[in-house]
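Colleague: Before I ask anything, here is the structure I am working with.
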There are 4 protein chains.
Amino acid sequence: MRRIAVLTSGGDCSGMNPAIRAVVRTALAKGIDVVGIQRGYRGLIDRQYEMLHHQSVSNTLQRGGTFLQSARCKEMMSPAGQAIAVETLEGIGIEGLVVIGGDGSLRGAKALHERGIKTIGIPASIDNDIPFTDMSLGVDTALNNICYAVDCLKDTASSHDRTFVVETMGRGSGYLALTAAVACGAEFALIPEVEFDLDAICEILRRRFKDGRNNSLILVAEGAASAKEIADQIKDRIHFETRLMVLGHYQRGGSPTAFDRLLACRFGMTAVEALLAGESGKMIGLTKSEIQLTELDKVISEKTRPIDQMLVKLGEIMDR
Amino acid sequence: MRRIAVLTSGGDCSGMNPAIRAVVRTALAKGIDVVGIQRGYRGLIDRQYEMLHHQSVSNTLQRGGTFLQSARCKEMMSPAGQAIAVETLEGIGIEGLVVIGGDGSLRGAKALHERGIKTIGIPASIDNDIPFTDMSLGVDTALNNICYAVDCLKDTASSHDRTFVVETMGRGSGYLALTAAVACGAEFALIPEVEFDLDAICEILRRRFKDGRNNSLILVAEGAASAKEIADQIKDRIHFETRLMVLGHYQRGGSPTAFDRLLACRFGMTAVEALLAGESGKMIGLTKSEIQLTELDKVISEKTRPIDQMLVKLGEIMDR
Amino acid sequence: MRRIAVLTSGGDCSGMNPAIRAVVRTALAKGIDVVGIQRGYRGLIDRQYEMLHHQSVSNTLQRGGTFLQSARCKEMMSPAGQAIAVETLEGIGIEGLVVIGGDGSLRGAKALHERGIKTIGIPASIDNDIPFTDMSLGVDTALNNICYAVDCLKDTASSHDRTFVVETMGRGSGYLALTAAVACGAEFALIPEVEFDLDAICEILRRRFKDGRNNSLILVAEGAASAKEIADQIKDRIHFETRLMVLGHYQRGGSPTAFDRLLACRFGMTAVEALLAGESGKMIGLTKSEIQLTELDKVISEKTRPIDQMLVKLGEIMDR
Amino acid sequence: MRRIAVLTSGGDCSGMNPAIRAVVRTALAKGIDVVGIQRGYRGLIDRQYEMLHHQSVSNTLQRGGTFLQSARCKEMMSPAGQAIAVETLEGIGIEGLVVIGGDGSLRGAKALHERGIKTIGIPASIDNDIPFTDMSLGVDTALNNICYAVDCLKDTASSHDRTFVVETMGRGSGYLALTAAVACGAEFALIPEVEFDLDAICEILRRRFKDGRNNSLILVAEGAASAKEIADQIKDRIHFETRLMVLGHYQRGGSPTAFDRLLACRFGMTAVEALLAGESGKMIGLTKSEIQLTELDKVISEKTRPIDQMLVKLGEIMDR
């Protein structure tokens, strides 16, 4: 193998830069060229790429986002688009590809693998919704971002008789909201995986208030409800003053945490080693602290990861 | 003077704790007792207070919020309530009072002054809307909080063809939104002091997009508009994808910056010295880097602070 | 079981507060009283303790250090001291004890267990030198602290033709230095477990310089060498300008990371559950992402944890 | 004026990047080309420079250091070197130059001004040792960096009977150490401007210990003493355990604070406007919140800035 390519695709996250760096430096150490594809699969359609050298990735370890950029690319979902992508890769002599991204990106990786391009996927998604890995890139950084913002809010919360409603990311997955609730000491986490009963919540809020605990914190995964609506509803139903915080893309960025940097290094190095070992059509994952490979087929057909019941229990015991 | 009291009132902010600490330590160094009134003026009505010692304020310098807590207190607006407050203060032998808070808190301070309690005000309001001081406590910390969150967002923004709309605090004042827009490199700041034309903004967004600058950042002071509505409107009018971030009470908290700590030390020490010098009915302020006293009468009757035209100019030159 | 006690002992670290909180809230949820022993084992000798309520641990989740304080206690190493400790515990009706601390603290826990006090240990040590747990409390926070400081240094390093030498904690263990070197992109990590050859390092520095890479970063675990001496030696031997950073107790503090908070919650809850299940003389640990119990005997007699060879490999591939 | 140049020189600091950005964007808005000189005056000797466009400075506002890099340049101190610098500038049609740096850099600026190059200086030095400006670029960021590190230390300090000695930057100026001591609640600040008596300090430490205040914090400006020596001396004289922290280049880096970004914007815009107004041989400064110009002659011949007596007083009242 003399030349490989790397791309980042889908919603970006902290950890993508260190993963690119790890791919580049591992490949170079083994005498393999690396091409960086720009703007995800779009760069394969539009033929935008650059050679990556040792220095190309200097000072990227500590940067959020992805210097290769990311973009959506509908073309990649069609056989015609995939054919162009293969053509581009073959045209520049790529013998292996590393795809860093979430669910949709891994589907693209699988398509390229099936068309004969040796492809390895690296899971990156702050929602932590990718199966066959305990943690995806970006999750730890996003969690710490949420903690930082909620800690600030808590400095001030105790002075006020208010209910704070905070919206986190997580369309299909409540991982961030549920985990952050435990890590921040929030009283409630509303997540898409579990139905909630707003009347019951209001009842608890009212009981807490009677006990002198006059401020409460509710984390809402965007996939469970709109935090704005929850805040309005609570106001309507029990006339509590509510305050809203919608964290949005703040969660995606920021300098990657030590954990995300190390995970990115391990994922990136292993991806290159897997390509060299002749592997393809697989995703690198972290399972019980070990790096493992899983067939992309299996990853994609799996339903999302189950909720961690210990977190649910912790939330109930610690924060009510 | 043998005994003074200190209270924090209104919306809390970072810098209140170091200001209380400065009042306490300055007074103790001069042999004066200090009583901490709890939950703002409410503590004067409900007679909740505690003696503050040197150790009472240890490790408060670096904490957001106010350990004396704050609360709203309608009673304080009525002559009857004010009479109770005076009674409480006289009952515990208070000869001077330091009030740390915003506009409403300073009105309460003026009322107590007029009823014979020697009272000095310290301006604290993240909105920076108090006249006769260039900076209020909490402003610098709030600004840095906003910068941190928006920097995270910018890590990720460049990967996406999107318009980000961020809501900051500021009901009557656009100071935070305008200043943060310059400090963060936002393209637009919508503030209550200046009418805006959303069609014109959409036109500029469209022109930027044509020039290849496909992501934009709009800061919206809560007093100018709802960021959610601005985001929805832009989507409706020019079909740009928008993303929302509502920073809420995140802005109020967090460890105070060096600037806020130093300002709090200077304000707190000067407040005690002013009381000792026989002053009353005045607010401490920072004017052109000098500590100055202004009659509370003048502070309260003044319209809010004018917009800094240099910021407006900087925003236009740097970020479009 | 109606009453348990909790103490923090040895060098403190971020994560101790959330662990105390988890012990308290779990016990209270099960109807068990909790006594907080002050200043580690010293509080057992001096009989200093307090009842801990639900509110006692409010707003501790996000605080570094330990509000119960820690202290060294030589008396605890002698049978006489241990007897007093047992007497104190029995005198206040303690039926179970949770000890949060490092190696020495766990020895104390074992001694109390052998004297009939049901005792469970929680590993807390930023050095990550406790066997039978993949991570101890405080490690993740310390690592992120180091990353933050070194990132700041790297902003400026590229402007200067200098060799930066940074001293981290780690008397017997190079975990922090080695892991931080990978996470920060340092060229070298000097650790106590591996002999180093300063002449060889100087040779590499010189070769890097010839290749135009004129700044280098060396992390030194305090147990491997004095960073000051390394810096002086490099200057003497190859006349490179060196700059020193000694991170000291900065590494121990700061708001705990999300990881440390969650680990603390899991450890604390499990410790109480273990006591209730009749366990004693064991340490809670995290092994391959699972919470496990190990005999304190085994923990104490084990040599320290082996070096992670993947980190060594990552360091070599990524950063030279 | 059709073309200007900008360079950063001397010890770099946070705020240089936003200042370059402000120069570039202001000039471009006025239809003037901007050339970025690389590695300070060295780039004028070695003829290394690049055209700077609107995009060249995108995403630099939030970055520490200087993307134009900085370097020492002895040649610039000799007439021969200065002549080459002028030749380079004239060769690429530069009609005005903005120099961002400290004392030495401003001397270079003066030399070029005297040789007929229209030159404006912007003060950048974390030591805050440049006269005729209340604040230099980088000072506010450095102060906040120090606060962050010392706050972490303080989380842990209260658990231990120890004296912490922290070394800050400041060869000729104690500004950082003195200001940080107030902002962090340190008991002592040793600064080059004031002689200190270590025996007297040890006496106070001993007295504090007797009063039960068994941990103390001493900030030492590097120009006043070596923190290591102070720590060793205290141990020798009164047998207190001491712990060392040497902050080094950590202080120089990190994302610039809101204050430094705004100051950089104002300084950069004003520098370009000054050049356009025909000014030369002057430094931009901030005096009592107003932007002012001072002759470089006057800046260079002035002794350094006097100590702020209010800080000395605050330190004494608040922290002993």
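By convention in this document, the chains of the structure tokens carry letters A, B, ... by their order, each chain's residues are numbered from 1, and ligands are numbered from 1 in the order they are shown.
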Env of Cys73 in chain D: 9 Å cut, atoms = only C-alpha atoms, seq-sep filter 3 positions within chain, self excluded. Answer as a compact mmCIF listing (two decimals) with C-alpha atoms, in the first residue's frame.

Modeller:
# COMPACT_ATOMS: atom_id res chain seq x y z
CA SER D 9 8.13 41.08 17.14
CA GLY D 10 9.70 40.07 20.45
CA GLY D 40 9.30 39.96 13.02
CA TYR D 41 12.17 42.10 11.82
CA ARG D 42 13.89 38.90 10.70
CA ILE D 45 16.24 40.99 6.70
CA MET D 76 17.89 45.14 13.46
CA MET D 77 19.93 46.82 16.18

Colleague: Which neighbours of range 305-314 of chain C fall inside 12 Å, counting only C-alpha atoms, when residues of the same chain fewer than 5 positions from it are skipped, and could you give them as a PyMOL selection string?

Modeller: (chain A and resi 21-23+25-26+29+261-270+290-291) or (chain C and resi 127-136+172-194+299-300+319-320)

Colleague: Kindly indicate which residue among D:Ala227, D:Ala19, D:Val220, D:Ile234 lies nearest to Leu198 in chain D, using only C-alpha atoms for the distances.

Modeller: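 Closest to Leu198 in chain D, using only C-alpha atoms: D:Ile234.
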
Colleague: Under the rule that only C-alpha atoms are counted, which of C:Cys13, C:Ala231, C:Leu219, C:Ala224 is the nearest residue to chain D?

Modeller: C:Cys13

Colleague: List every residue of range 75-317 of chain C that DSSP, applied to the backbone, labels as strand (DSSP E), and write the result as an MDAnalysis selection string.

Modeller: chainID C and resid 96:101 119:123 163:168 188:190 216:221 242:246 282:287 290:295

Colleague: For those residues, write N, CA and C atoms to a file as a compact mmCIF listing (two decimals), in the first residue's frame.

Modeller:
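This is the output file again_35.txt:
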# COMPACT_ATOMS: atom_id res chain seq x y z
N GLY C 96 -20.28 1.05 58.98
CA GLY C 96 -19.57 0.87 57.71
C GLY C 96 -18.82 2.15 57.38
N LEU C 97 -17.68 1.99 56.69
CA LEU C 97 -16.85 3.15 56.40
C LEU C 97 -16.42 3.13 54.93
N VAL C 98 -16.51 4.30 54.30
CA VAL C 98 -15.99 4.44 52.94
C VAL C 98 -14.76 5.34 52.99
N VAL C 99 -13.62 4.82 52.52
CA VAL C 99 -12.37 5.57 52.51
C VAL C 99 -12.03 5.93 51.06
N ILE C 100 -11.89 7.23 50.79
CA ILE C 100 -11.56 7.71 49.45
C ILE C 100 -10.13 8.23 49.47
N GLY C 101 -9.23 7.58 48.75
CA GLY C 101 -7.85 8.05 48.77
C GLY C 101 -6.93 7.14 47.98
N THR C 119 -15.26 -1.90 55.88
CA THR C 119 -14.63 -0.79 55.17
C THR C 119 -14.50 -1.07 53.67
N ILE C 120 -14.86 -0.08 52.88
CA ILE C 120 -14.72 -0.18 51.42
C ILE C 120 -13.85 1.01 50.96
N GLY C 121 -12.89 0.74 50.08
CA GLY C 121 -12.03 1.80 49.57
C GLY C 121 -12.42 2.26 48.17
N ILE C 122 -12.22 3.55 47.92
CA ILE C 122 -12.41 4.12 46.57
C ILE C 122 -11.07 4.73 46.16
N PRO C 123 -10.53 4.30 45.00
CA PRO C 123 -9.20 4.77 44.60
C PRO C 123 -9.24 6.20 44.07
N THR C 163 13.46 24.86 23.54
CA THR C 163 13.05 23.56 24.04
C THR C 163 12.32 23.79 25.36
N PHE C 164 11.08 23.36 25.40
CA PHE C 164 10.26 23.55 26.59
C PHE C 164 10.28 22.27 27.42
N VAL C 165 10.54 22.42 28.72
CA VAL C 165 10.57 21.28 29.62
C VAL C 165 9.48 21.49 30.67
N VAL C 166 8.55 20.55 30.75
CA VAL C 166 7.38 20.69 31.61
C VAL C 166 7.37 19.56 32.64
N GLU C 167 7.32 19.91 33.91
CA GLU C 167 7.28 18.89 34.95
C GLU C 167 5.85 18.60 35.38
N THR C 168 5.49 17.32 35.33
CA THR C 168 4.17 16.89 35.79
C THR C 168 4.32 16.12 37.10
N PHE C 188 8.91 14.16 23.81
CA PHE C 188 9.49 13.20 24.74
C PHE C 188 8.71 13.17 26.06
N ALA C 189 8.65 11.99 26.67
CA ALA C 189 8.14 11.86 28.04
C ALA C 189 9.18 11.11 28.84
N LEU C 190 9.69 11.73 29.90
CA LEU C 190 10.62 11.05 30.79
C LEU C 190 9.84 10.54 32.00
N SER C 216 10.85 22.10 20.69
CA SER C 216 10.53 20.76 21.15
C SER C 216 9.95 20.85 22.55
N LEU C 217 9.21 19.82 22.89
CA LEU C 217 8.50 19.80 24.16
C LEU C 217 8.81 18.48 24.87
N ILE C 218 9.29 18.58 26.08
CA ILE C 218 9.64 17.40 26.87
C ILE C 218 8.82 17.40 28.16
N LEU C 219 8.05 16.34 28.38
CA LEU C 219 7.32 16.21 29.65
C LEU C 219 8.15 15.33 30.59
N VAL C 220 8.27 15.78 31.82
CA VAL C 220 9.08 15.05 32.80
C VAL C 220 8.22 14.75 34.02
N ALA C 221 8.00 13.47 34.31
CA ALA C 221 7.34 13.09 35.57
C ALA C 221 8.29 13.40 36.71
N THR C 242 16.41 26.76 26.79
CA THR C 242 15.31 25.96 27.34
C THR C 242 14.42 26.85 28.19
N ARG C 243 13.16 26.45 28.30
CA ARG C 243 12.20 27.16 29.15
C ARG C 243 11.48 26.16 30.02
N LEU C 244 11.24 26.56 31.24
CA LEU C 244 10.74 25.63 32.26
C LEU C 244 9.28 25.93 32.64
N MET C 245 8.51 24.89 32.88
CA MET C 245 7.17 25.03 33.44
C MET C 245 7.01 23.89 34.46
N VAL C 246 6.71 24.24 35.69
CA VAL C 246 6.51 23.23 36.74
C VAL C 246 5.07 23.33 37.19
N LYS C 282 -12.47 -4.37 50.79
CA LYS C 282 -12.33 -4.38 49.33
C LYS C 282 -12.26 -2.97 48.76
N MET C 283 -11.69 -2.88 47.56
CA MET C 283 -11.64 -1.61 46.85
C MET C 283 -12.51 -1.69 45.60
N ILE C 284 -13.25 -0.61 45.35
CA ILE C 284 -14.01 -0.50 44.10
C ILE C 284 -13.02 -0.14 43.00
N GLY C 285 -13.16 -0.73 41.84
CA GLY C 285 -12.29 -0.35 40.73
C GLY C 285 -13.04 -0.38 39.41
N LEU C 286 -12.44 0.19 38.40
CA LEU C 286 -13.02 0.17 37.05
C LEU C 286 -12.10 -0.68 36.19
N THR C 287 -12.60 -1.83 35.76
CA THR C 287 -11.78 -2.71 34.93
C THR C 287 -12.50 -2.96 33.62
N GLU C 290 -16.07 -1.92 33.53
CA GLU C 290 -16.98 -2.51 34.51
C GLU C 290 -16.53 -2.17 35.93
N ILE C 291 -17.48 -1.94 36.80
CA ILE C 291 -17.18 -1.72 38.21
C ILE C 291 -16.91 -3.08 38.86
N GLN C 292 -15.79 -3.20 39.55
CA GLN C 292 -15.45 -4.46 40.19
C GLN C 292 -14.89 -4.23 41.58
N LEU C 293 -14.99 -5.26 42.40
CA LEU C 293 -14.41 -5.21 43.75
C LEU C 293 -13.16 -6.08 43.80
N THR C 294 -12.12 -5.57 44.45
CA THR C 294 -10.89 -6.36 44.64
C THR C 294 -10.51 -6.30 46.12
N GLU C 295 -10.02 -7.41 46.65
CA GLU C 295 -9.55 -7.44 48.04
C GLU C 295 -8.49 -6.37 48.24

Colleague: Taking only C-alpha atoms into account, find every residue of chain B that has an atom no more than 7 Å from chain A, and write it out as a list in words.

Modeller: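 That gives Asp12, Gly64, Gly65, Gln69, Ser70, Ala71, Ala149, Val150, Cys152, Leu153, Asp155, Thr156, Ser159, His160, Leu244, Met245, Val246, Leu247, Gly248, His249, Tyr250, Arg252, Gly253 and Gly254 of chain B for chain B.
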
Colleague: Between CA of Val57 in chain B and CA of Pro18 in chain B, what distance in Å does the model show, to one decimal?

Modeller: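 Distance between the two atoms: 8.3 Å.
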
Colleague: List every residue of range 20-211 of chain D that DSSP, applied to the backbone of this structure, places in alpha helix (DSSP H), and write the result as a PyMOL selection string.

Modeller: chain D and resi 20-29+41-46+79-91+103-114+139-157+175-184+198-210

Colleague: Could you work out how far CA of Glu279 in chain D lies from CA of Leu7 in chain D, giving the answer in Å with one decimal?

Modeller: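 Computed distance, CA of Leu7 in chain D to CA of Glu279 in chain D, equals 17.8 Å.
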
Colleague: CA of Ala83 in chain B to CA of Arg47 in chain B: how many Å, to one decimal?

Modeller: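 Rounded to one decimal, the two atoms are 12.9 Å apart.
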